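> Take a look at the following structure, please.
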Amino acid sequence: MMMCLGMVFVMTTYNFMLNGMFNVLTPLQMVKEMIMVFIIALALELVIVWPIAHKVVFSLPFKKEKKFYMILTLSTCMVIGMVFFMSIYGLIHASIAGSLTNQHVLISFFTIFAKNIIVAYPTQILIIGPAVRFLFSKFISIKQAPSL
């Protein structure tokens, strides 16, 4: 949930900036949008993307004992899957809002996908992923520490 929340915050903020929504939406509307996106993203992650990414990673021929390879491969699969589905969400949202150009729907999708993957992948690999793993390891070590 922490990873999803972090990525939703970054990517929704990025898409607000990209689409000029900071001048259109009120802060309350932005928060409501982020909550809705978080719920959708979490559901997609738990029901579709995580199970598929997990199967793909464990079917690939590399040393799964190496933690770095596992993290990088799983993160890559998760980002690709989430950007794919959230780009579909973005395409539907833009269509409903009437902000799609006259491009073919596949061109619009790949444009949205490309704009999102170039921010999502480095953000996940370099910022959100390490931060969440660090915080999670601190939380777990606090919970497992013997009490005096």
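Residues are referred to by chain and number: the chain letter is A, B, ... according to the order shown in the structure tokens, the number counts from 1 in that chain, and ligands are numbered separately from 1 in the order shown.
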Give the alpha helix (DSSP H) residues of region 6-144 of chain A, as DSSP finds them on the backbone, and put them as a ChimeraX atom specification.
/A:6-18,27-44,50-59,67-97,105-122,129-144
> With only C-alpha atoms as the counted atoms, please give the residues lying no more than 12 Å from Val56 (chain A), apart from itself and same-chain residues fewer than 4 positions off, as a list of chain:residue names.
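Skipping anything fewer than 4 positions along the chain leaves A:Val49, A:Trp50, A:Pro51, A:Ile52, A:Leu60, A:Pro61, A:Phe62, A:Met70, A:Thr73, A:Leu74, A:Ser75, A:Thr76, A:Cys77, A:Met78, A:Gly81.
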> Quick one: write out the picked residues with C-alpha atoms as an mmCIF file, in the first residue's frame?

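The resulting file, selection.cif, is reproduced below:
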data_model
loop_
_atom_site.group_PDB
_atom_site.id
_atom_site.type_symbol
_atom_site.label_atom_id
_atom_site.label_comp_id
_atom_site.auth_asym_id
_atom_site.auth_seq_id
_atom_site.Cartn_x
_atom_site.Cartn_y
_atom_site.Cartn_z
ATOM 1 C CA VAL A 49 -0.561 -6.785 -11.914
ATOM 2 C CA TRP A 50 1.034 -8.352 -8.824
ATOM 3 C CA PRO A 51 -0.044 -11.957 -9.601
ATOM 4 C CA ILE A 52 1.082 -11.677 -13.242
ATOM 5 C CA LEU A 60 12.547 -15.981 -15.875
ATOM 6 C CA PRO A 61 15.958 -17.679 -15.957
ATOM 7 C CA PHE A 62 18.097 -15.728 -13.472
ATOM 8 C CA MET A 70 14.699 -9.892 -7.785
ATOM 9 C CA THR A 73 12.980 -7.510 -12.151
ATOM 10 C CA LEU A 74 9.856 -7.412 -10.007
ATOM 11 C CA SER A 75 9.842 -3.599 -9.948
ATOM 12 C CA THR A 76 10.236 -3.496 -13.731
ATOM 13 C CA CYS A 77 7.338 -5.901 -14.260
ATOM 14 C CA MET A 78 5.160 -4.015 -11.780
ATOM 15 C CA GLY A 81 1.922 -3.488 -15.780
#
> Using only C-alpha atoms, pick whichever of A:Asn19, A:Met3, A:Ala53, A:Phe58 has the shortest atom-to-atom distance to Leu100 (chain A).
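Closest candidate: A:Asn19.
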> So that I can see what lies close to Gly6 (chain A), please list as a VMD selection string the residues with an atom at most 7 Å from it, counting only C-alpha atoms and leaving out residues fewer than 4 positions away in the same chain.
chain A and resid 2 10 128
> Find the nearest atom pair between each residue of region 64-94 of chain A and region 104-110 of chain A for residues within 9 Å, count only C-alpha atoms, give distances in Å to one decimal, sort rows by chain and ascending number, and present the table as JSON lines.

{"residue": "A:Phe84", "atom": "CA", "partner": "A:Phe109", "partner_atom": "CA", "distance": 9.0}
{"residue": "A:Ser87", "atom": "CA", "partner": "A:Phe109", "partner_atom": "CA", "distance": 6.6}
{"residue": "A:Ile88", "atom": "CA", "partner": "A:Phe109", "partner_atom": "CA", "distance": 6.8}
{"residue": "A:Gly90", "atom": "CA", "partner": "A:Phe109", "partner_atom": "CA", "distance": 8.5}
{"residue": "A:Leu91", "atom": "CA", "partner": "A:Phe109", "partner_atom": "CA", "distance": 6.3}
> If you keep N, CA and C atoms, can you produce a file of those selected residues as a compact mmCIF listing (two decimals), in the first residue's frame?

# COMPACT_ATOMS: atom_id res chain seq x y z
N PHE A 84 0.72 0.39 -17.90
CA PHE A 84 -0.18 -0.08 -18.96
C PHE A 84 -1.64 0.15 -18.54
N SER A 87 -2.55 3.83 -17.84
CA SER A 87 -2.64 4.60 -19.09
C SER A 87 -3.99 4.36 -19.76
N ILE A 88 -4.51 3.15 -19.64
CA ILE A 88 -5.88 2.89 -20.12
C ILE A 88 -6.86 3.74 -19.32
N GLY A 90 -6.20 6.55 -17.85
CA GLY A 90 -6.00 7.93 -18.31
C GLY A 90 -6.66 8.20 -19.65
N LEU A 91 -6.61 7.23 -20.53
CA LEU A 91 -7.24 7.36 -21.84
C LEU A 91 -8.76 7.46 -21.69
> CA of Ile127 (chain A) and CA of Met30 (chain A), how far apart in Å?
22.6 Å
> Any idea what the distance is between CA of Phe9 (chain A) and CA of Gln103 (chain A)?
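Calculated distance between CA of Phe9 (chain A) and CA of Gln103 (chain A) is 28.3 Å.
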> Just want the 9 Å neighbourhood of Leu5 (chain A), counted on only C-alpha atoms, with same-chain residues fewer than 5 positions away dropped. Output as a list in words.
Val10, Phe38, Ala41 and Leu42 of chain A
